[in-house]
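Take a look at the structure set out below.
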Amino acid sequence: MTKKSAFFVLPRRLSGCLLAFLALSGTMVASATSHGHSVASVQQQQKITVTGVISDKSGPVIGANVLEKGTTNGTVTDLDGKYTLKVSPNATLIVKFLGYKDLQVSVAGRTVIDATLVEDSKALDEVVVVGYGTQKKVNLTGSVTSINVGELAESRPITNVSQALAGMAAGVQVSSSNNQPGNDNASIKVRGQGTLNNAAPLIIIDGVEAGINTVNPQDIESMSVLKDAASAAIYGSRAANGVILITTKQGKAGEFKIEYSGYLSFESIRNTLTPVSNYADYMELINEGYVNSKKAKFFSDATIRAWREDGGKNPLLYPNTDWIEETFRPATATNHVVSMSGGSEKLRFYTSFGYNDDPGVMENTGFKKYNGRLNLDANIKPWLKLGMQLSGYVSDMEPAAKYRSSGTVVDDVFTYTAATTPGMVFRAPDGRYGAMNSAEDAAQSANNNPLARLNSIAGGIRKNNFRSLFTGTLTPFAGFSVTGTYSYEFVDEQREVKPVFIDKWNFQTETVTSSNRGKSSISNSNSKVERYFNDMVMRYENRFIDKKLGLNTMLGASQELYRSKGFGATKYDMIDLNLDVLDAAVGEATASGTKTEWVMRSYFGRINLDWDN
């Protein structure tokens, strides 16, 4: 969209990032893309409002999900089975409701679409994982959504479970503000913001609380989302924002299987901005802004003429830098998972090994991860079943963290590129980093070089995670069982960070105009977390009165112990900047340490009654 307008009147100099939206001759151009299409093409597909009634053979269906296919745009039907949704004219609607077959309806420009659902008896017999047990869908009284993880893993390459949940379940909101490899966990909310502080749901993996991204996506057998107060009734106040239940794959009796899942991903950013990269144009736009602000021109005519006459012949002396092209790079990420499973009626196993390597689309932001899993279960006796799960991972992340302050240097890139200009060589062929080449910019010390900031930190973050789970189930008589569980988790994180001093050059004068020097130092920190969990659960299930009345009871108790401790030290005056240990510094030192411990004991139970299912 283009419109004539007066140039912005600002009392001080415009930034380079703002000028990304300015074109020549006083015309303002706003440019954007949506999934690779221009604004013009998006405008040709204006949204229309579709209304209708969803019903079954008995009448209106309350709470049916109506979604626009391929998007997260959706709604639910009201007490009269009515819905209203804004969609594209050529969209396809997907109607879903528990116990009914999914229905797809083409909009084809219509504004009123009614639909009738058909019962799915097979879906009602499906078993869904709920708190401390499973239930048939037909007998569910709480709000539970089951996610088809197999379909999810096959539909697109995923290495992050939290981000993969986007669009997979109604009422589950997934948002991500940081996509740096290794630091890309998405924010998950079930039915919106439930508390003023942390509104994240409780994550339970194989019956024990854990981080959602500690499990390899390819190892997941099933995933359920508990969305109502019934989840808090079983898991307590920690489940006030919902619960995500994950169970991992188990071996099955039969033929030995080897499976491989892998992908090669070519990564790049989507160009949503077209910055002004011609420095002569940039300087003229800046001057125009100054003149409109009743001020003298900032850049001299001689400087502008010098860049015009060079025309890109000497990019080291007269650069025309596109900060997006120079800051970001194409990257190739790989992910490989090999799994084996099999066994007999007595002993079954599932094991897997995974490797993920993502160098990132920015320098100094790479991430590597190795993970493994071994699940065993054995029928020792007809009345005794034992199980064991061992899993863990080792990861290495390039620092991308600020030195002795919060945030990351990735944040700095987006903060400070707004104050850079096309008249800077980000990095010369010989490896030196650039500052401003023009006399006017150099006088202002506007030396915000994004590549220099990305590489101003050295070190890394290494994380080791080990998790074990042991279970035993005793079945003294039909319908009654007692299950005991013991779990131990250990997490060790080591951070090593030191500043890198980078000089920035004016290549026209062959001088260092910005000398980044300071007191050399090195910081090491370590944190350890241990979690102990054990529970005992009794279950009784039977049917009475000619098998019409179903009874399912569960009674249990659990206790948890959480311990964490951290230690950090910084030492100054390094004898050699290439060394990365504390003893390489001989100056003053600072240190700090923390420790946390808490214990929780819980009791819980559930009774389910049904009449003829």
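For the structure tokens, the naming scheme is as follows: chains receive sequential letters (A, B, ...) according to their order of presentation, residues are indexed from 1 within each chain, and ligands are indexed from 1 in presentation order.
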
Any idea what's packed within 9 Å of range 473-490 of chain A, counting only C-alpha atoms, ignoring anything in its chain fewer than 3 positions away? Could you give it as a PDB file with N, CA, C and O atoms, in the first residue's frame?
```pdb
ATOM      1  N   GLY A 207       3.969 -40.221  34.061  1.00  0.00           N
ATOM      2  CA  GLY A 207       3.516 -40.152  35.434  1.00  0.00           C
ATOM      3  C   GLY A 207       4.300 -39.244  36.342  1.00  0.00           C
ATOM      4  O   GLY A 207       3.939 -39.092  37.515  1.00  0.00           O
ATOM      5  N   VAL A 208       5.364 -38.615  35.850  1.00  0.00           N
ATOM      6  CA  VAL A 208       6.228 -37.780  36.691  1.00  0.00           C
ATOM      7  C   VAL A 208       6.392 -36.409  36.049  1.00  0.00           C
ATOM      8  O   VAL A 208       6.551 -36.302  34.828  1.00  0.00           O
ATOM      9  N   ALA A 210       7.969 -33.206  34.532  1.00  0.00           N
ATOM     10  CA  ALA A 210       9.227 -32.995  33.811  1.00  0.00           C
ATOM     11  C   ALA A 210       9.032 -31.876  32.810  1.00  0.00           C
ATOM     12  O   ALA A 210       7.915 -31.440  32.530  1.00  0.00           O
ATOM     13  N   PRO A 382       2.369 -64.102  36.492  1.00  0.00           N
ATOM     14  CA  PRO A 382       1.045 -63.653  36.049  1.00  0.00           C
ATOM     15  C   PRO A 382       0.499 -62.518  36.916  1.00  0.00           C
ATOM     16  O   PRO A 382      -0.325 -61.738  36.455  1.00  0.00           O
ATOM     17  N   TRP A 383       0.985 -62.410  38.146  1.00  0.00           N
ATOM     18  CA  TRP A 383       0.502 -61.385  39.059  1.00  0.00           C
ATOM     19  C   TRP A 383       1.523 -60.266  39.321  1.00  0.00           C
ATOM     20  O   TRP A 383       1.285 -59.386  40.153  1.00  0.00           O
ATOM     21  N   LEU A 384       2.661 -60.303  38.623  1.00  0.00           N
ATOM     22  CA  LEU A 384       3.700 -59.299  38.860  1.00  0.00           C
ATOM     23  C   LEU A 384       4.284 -58.809  37.538  1.00  0.00           C
ATOM     24  O   LEU A 384       4.730 -59.602  36.708  1.00  0.00           O
ATOM     25  N   LYS A 385       4.303 -57.478  37.381  1.00  0.00           N
ATOM     26  CA  LYS A 385       4.879 -56.844  36.190  1.00  0.00           C
ATOM     27  C   LYS A 385       5.856 -55.761  36.638  1.00  0.00           C
ATOM     28  O   LYS A 385       5.543 -54.938  37.511  1.00  0.00           O
ATOM     29  N   LEU A 386       7.038 -55.760  36.051  1.00  0.00           N
ATOM     30  CA  LEU A 386       8.065 -54.778  36.377  1.00  0.00           C
ATOM     31  C   LEU A 386       8.438 -53.969  35.136  1.00  0.00           C
ATOM     32  O   LEU A 386       8.376 -54.476  34.010  1.00  0.00           O
ATOM     33  N   GLY A 387       8.817 -52.705  35.356  1.00  0.00           N
ATOM     34  CA  GLY A 387       9.220 -51.856  34.240  1.00  0.00           C
ATOM     35  C   GLY A 387      10.369 -50.947  34.623  1.00  0.00           C
ATOM     36  O   GLY A 387      10.557 -50.608  35.801  1.00  0.00           O
ATOM     37  N   ASN A 464      23.556 -31.589  30.937  1.00  0.00           N
ATOM     38  CA  ASN A 464      23.411 -33.038  31.019  1.00  0.00           C
ATOM     39  C   ASN A 464      22.152 -33.352  31.809  1.00  0.00           C
ATOM     40  O   ASN A 464      21.951 -32.812  32.911  1.00  0.00           O
ATOM     41  N   ASN A 465      21.324 -34.212  31.259  1.00  0.00           N
ATOM     42  CA  ASN A 465      20.079 -34.588  31.917  1.00  0.00           C
ATOM     43  C   ASN A 465      19.973 -36.109  31.944  1.00  0.00           C
ATOM     44  O   ASN A 465      20.125 -36.766  30.901  1.00  0.00           O
ATOM     45  N   PHE A 466      19.719 -36.657  33.134  1.00  0.00           N
ATOM     46  CA  PHE A 466      19.520 -38.101  33.274  1.00  0.00           C
ATOM     47  C   PHE A 466      18.242 -38.343  34.066  1.00  0.00           C
ATOM     48  O   PHE A 466      18.007 -37.693  35.091  1.00  0.00           O
ATOM     49  N   ARG A 467      17.420 -39.282  33.580  1.00  0.00           N
ATOM     50  CA  ARG A 467      16.144 -39.553  34.228  1.00  0.00           C
ATOM     51  C   ARG A 467      15.913 -41.055  34.269  1.00  0.00           C
ATOM     52  O   ARG A 467      16.066 -41.756  33.253  1.00  0.00           O
ATOM     53  N   SER A 468      15.555 -41.569  35.437  1.00  0.00           N
ATOM     54  CA  SER A 468      15.260 -42.997  35.577  1.00  0.00           C
ATOM     55  C   SER A 468      13.881 -43.168  36.199  1.00  0.00           C
ATOM     56  O   SER A 468      13.436 -42.340  37.007  1.00  0.00           O
ATOM     57  N   LEU A 469      13.210 -44.231  35.816  1.00  0.00           N
ATOM     58  CA  LEU A 469      11.868 -44.518  36.324  1.00  0.00           C
ATOM     59  C   LEU A 469      11.727 -46.027  36.479  1.00  0.00           C
ATOM     60  O   LEU A 469      11.967 -46.789  35.533  1.00  0.00           O
ATOM     61  N   PHE A 470      11.346 -46.461  37.676  1.00  0.00           N
ATOM     62  CA  PHE A 470      11.166 -47.881  37.960  1.00  0.00           C
ATOM     63  C   PHE A 470       9.739 -48.105  38.451  1.00  0.00           C
ATOM     64  O   PHE A 470       9.253 -47.372  39.323  1.00  0.00           O
ATOM     65  N   LYS A 528      22.985 -27.551  39.657  1.00  0.00           N
ATOM     66  CA  LYS A 528      22.582 -28.956  39.706  1.00  0.00           C
ATOM     67  C   LYS A 528      21.188 -29.056  40.305  1.00  0.00           C
ATOM     68  O   LYS A 528      20.870 -28.377  41.289  1.00  0.00           O
ATOM     69  N   VAL A 529      20.373 -29.908  39.707  1.00  0.00           N
ATOM     70  CA  VAL A 529      19.019 -30.144  40.200  1.00  0.00           C
ATOM     71  C   VAL A 529      18.816 -31.640  40.347  1.00  0.00           C
ATOM     72  O   VAL A 529      19.129 -32.415  39.428  1.00  0.00           O
ATOM     73  N   GLU A 530      18.291 -32.041  41.500  1.00  0.00           N
ATOM     74  CA  GLU A 530      17.928 -33.436  41.726  1.00  0.00           C
ATOM     75  C   GLU A 530      16.460 -33.505  42.119  1.00  0.00           C
ATOM     76  O   GLU A 530      15.988 -32.701  42.939  1.00  0.00           O
ATOM     77  N   ARG A 531      15.737 -34.471  41.529  1.00  0.00           N
ATOM     78  CA  ARG A 531      14.322 -34.659  41.863  1.00  0.00           C
ATOM     79  C   ARG A 531      14.087 -36.138  42.160  1.00  0.00           C
ATOM     80  O   ARG A 531      14.451 -37.004  41.366  1.00  0.00           O
ATOM     81  N   TYR A 532      13.466 -36.383  43.311  1.00  0.00           N
ATOM     82  CA  TYR A 532      13.093 -37.739  43.702  1.00  0.00           C
ATOM     83  C   TYR A 532      11.568 -37.810  43.757  1.00  0.00           C
ATOM     84  O   TYR A 532      10.919 -36.919  44.321  1.00  0.00           O
ATOM     85  N   PHE A 533      11.030 -38.859  43.203  1.00  0.00           N
ATOM     86  CA  PHE A 533       9.561 -38.994  43.183  1.00  0.00           C
ATOM     87  C   PHE A 533       9.201 -40.460  43.383  1.00  0.00           C
ATOM     88  O   PHE A 533       9.788 -41.353  42.760  1.00  0.00           O
ATOM     89  N   ASN A 534       8.248 -40.701  44.273  1.00  0.00           N
ATOM     90  CA  ASN A 534       7.723 -42.060  44.389  1.00  0.00           C
ATOM     91  C   ASN A 534       6.244 -42.010  44.769  1.00  0.00           C
ATOM     92  O   ASN A 534       5.800 -41.083  45.465  1.00  0.00           O
ATOM     93  N   ASP A 535       5.481 -42.963  44.274  1.00  0.00           N
ATOM     94  CA  ASP A 535       4.056 -43.017  44.588  1.00  0.00           C
ATOM     95  C   ASP A 535       3.594 -44.463  44.690  1.00  0.00           C
ATOM     96  O   ASP A 535       4.288 -45.400  44.285  1.00  0.00           O
ATOM     97  N   MET A 536       2.416 -44.626  45.261  1.00  0.00           N
ATOM     98  CA  MET A 536       1.761 -45.916  45.380  1.00  0.00           C
ATOM     99  C   MET A 536       0.295 -45.708  45.008  1.00  0.00           C
ATOM    100  O   MET A 536      -0.377 -44.851  45.595  1.00  0.00           O
ATOM    101  N   VAL A 537      -0.200 -46.458  44.034  1.00  0.00           N
ATOM    102  CA  VAL A 537      -1.557 -46.279  43.531  1.00  0.00           C
ATOM    103  C   VAL A 537      -2.268 -47.627  43.528  1.00  0.00           C
ATOM    104  O   VAL A 537      -1.744 -48.614  42.998  1.00  0.00           O
ATOM    105  N   MET A 538      -3.476 -47.663  44.112  1.00  0.00           N
ATOM    106  CA  MET A 538      -4.321 -48.860  44.094  1.00  0.00           C
ATOM    107  C   MET A 538      -5.510 -48.613  43.176  1.00  0.00           C
ATOM    108  O   MET A 538      -6.128 -47.539  43.220  1.00  0.00           O
ATOM    109  N   ARG A 539      -5.842 -49.609  42.369  1.00  0.00           N
ATOM    110  CA  ARG A 539      -6.960 -49.496  41.427  1.00  0.00           C
ATOM    111  C   ARG A 539      -7.862 -50.725  41.537  1.00  0.00           C
ATOM    112  O   ARG A 539      -7.373 -51.846  41.701  1.00  0.00           O
ATOM    113  N   TYR A 540      -9.155 -50.457  41.408  1.00  0.00           N
ATOM    114  CA  TYR A 540     -10.116 -51.569  41.353  1.00  0.00           C
ATOM    115  C   TYR A 540     -11.149 -51.253  40.285  1.00  0.00           C
ATOM    116  O   TYR A 540     -11.722 -50.162  40.251  1.00  0.00           O
ATOM    117  N   GLU A 541     -11.375 -52.214  39.394  1.00  0.00           N
ATOM    118  CA  GLU A 541     -12.310 -52.026  38.288  1.00  0.00           C
ATOM    119  C   GLU A 541     -13.140 -53.291  38.126  1.00  0.00           C
ATOM    120  O   GLU A 541     -12.610 -54.407  38.103  1.00  0.00           O
ATOM    121  N   ASN A 542     -14.466 -53.119  38.002  1.00  0.00           N
ATOM    122  CA  ASN A 542     -15.355 -54.267  37.824  1.00  0.00           C
ATOM    123  C   ASN A 542     -16.704 -53.778  37.295  1.00  0.00           C
ATOM    124  O   ASN A 542     -16.974 -52.578  37.302  1.00  0.00           O
TER     125      ASN A 542
END
```

Exercise: Glu398 in chain A partners within 6 Å, only C-alpha atoms, chain neighbours under 6 positions left out, as a PDB file with all heavy atoms, in the first residue's frame:
```
ATOM      1  N   ASN A 364      27.316 -17.700  16.098  1.00  0.00           N
ATOM      2  CA  ASN A 364      27.469 -17.882  17.536  1.00  0.00           C
ATOM      3  C   ASN A 364      26.164 -18.248  18.232  1.00  0.00           C
ATOM      4  O   ASN A 364      25.940 -17.922  19.398  1.00  0.00           O
ATOM      5  CB  ASN A 364      28.046 -16.611  18.174  1.00  0.00           C
ATOM      6  CG  ASN A 364      28.861 -16.917  19.423  1.00  0.00           C
ATOM      7  OD1 ASN A 364      29.316 -18.027  19.632  1.00  0.00           O
ATOM      8  ND2 ASN A 364      29.031 -15.902  20.263  1.00  0.00           N
ATOM      9  N   THR A 365      25.250 -18.926  17.525  1.00  0.00           N
ATOM     10  CA  THR A 365      23.961 -19.324  18.115  1.00  0.00           C
ATOM     11  C   THR A 365      23.666 -20.800  17.854  1.00  0.00           C
ATOM     12  O   THR A 365      22.514 -21.207  17.883  1.00  0.00           O
ATOM     13  CB  THR A 365      22.803 -18.473  17.548  1.00  0.00           C
ATOM     14  OG1 THR A 365      22.719 -18.667  16.129  1.00  0.00           O
ATOM     15  CG2 THR A 365      22.995 -17.004  17.850  1.00  0.00           C
ATOM     16  N   GLY A 366      24.686 -21.614  17.603  1.00  0.00           N
ATOM     17  CA  GLY A 366      24.469 -23.015  17.260  1.00  0.00           C
ATOM     18  C   GLY A 366      24.077 -23.864  18.456  1.00  0.00           C
ATOM     19  O   GLY A 366      24.287 -23.498  19.617  1.00  0.00           O
ATOM     20  N   GLY A 460      30.212 -21.228  26.256  1.00  0.00           N
ATOM     21  CA  GLY A 460      29.173 -22.164  25.891  1.00  0.00           C
ATOM     22  C   GLY A 460      28.395 -22.639  27.103  1.00  0.00           C
ATOM     23  O   GLY A 460      28.762 -22.383  28.261  1.00  0.00           O
TER      24      GLY A 460
END
```

* Determine, counting only C-alpha atoms, which protein, DNA and RNA residues have an atom within 8 Å of an atom of range 343-349 of chain A; residues of the same chain fewer than 4 positions away are not included. Present the result as a PyMOL selection string. => chain A and resi 250-256+374-380

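For the choices A:Arg495, A:Arg308, A:Lys257, A:Lys313, the atom-to-atom distance to Pro399 in chain A is smallest for A:Arg495 when using only C-alpha atoms.
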
* Please measure the separation of CA of Tyr416 in chain A and CA of Ser525 in chain A, giving the value in Å to one decimal. => 28.1 Å

* To do: Assign secondary structure with DSSP using the backbone only, and return the residues of range 283-511 of chain A in strand (DSSP E) as a count of residues only.
  => 102

* Using only C-alpha atoms, determine which residues lie at most 7 Å from Thr247 in chain A, disregarding the query and same-chain residues fewer than 3 positions distant; provide the list as a list in words. =>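 Selected residues are Ile205, Asp206, Ile220, Glu221, Ser222 and Met223 of chain A.
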
Residue selection dump (C-alpha atoms) as a short mmCIF file (atom, residue, chain, number, x, y, z; two decimals), in the first residue's frame:
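Okay, result_4.cif is ready:
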```
data_model
loop_
_atom_site.label_atom_id
_atom_site.label_comp_id
_atom_site.auth_asym_id
_atom_site.auth_seq_id
_atom_site.Cartn_x
_atom_site.Cartn_y
_atom_site.Cartn_z
CA ILE A 205 5.83 -37.49 31.39
CA ASP A 206 5.20 -41.16 32.19
CA ILE A 220 6.15 -40.12 22.35
CA GLU A 221 3.35 -42.69 22.16
CA SER A 222 0.42 -40.53 23.25
CA MET A 223 -0.34 -37.03 24.49
#
```

* To do: Calculate how many Å separate CA of Gly605 in chain A from CA of Ser146 in chain A, rounding to one decimal.
  =>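 The value is 22.4 Å.
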
* To do: Considering only C-alpha atoms, return as a list in words whatever protein or nucleic-acid residues lie within 9 Å of Ala186 in chain A, sequence-local ones (same chain, fewer than 4 positions apart) excluded.
  =>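 Here the answer would be Asn160, Val161, Ser162, Gln163, Val174, Ser175, Ser176, Ser177, Asn178 and Asn179 of chain A.
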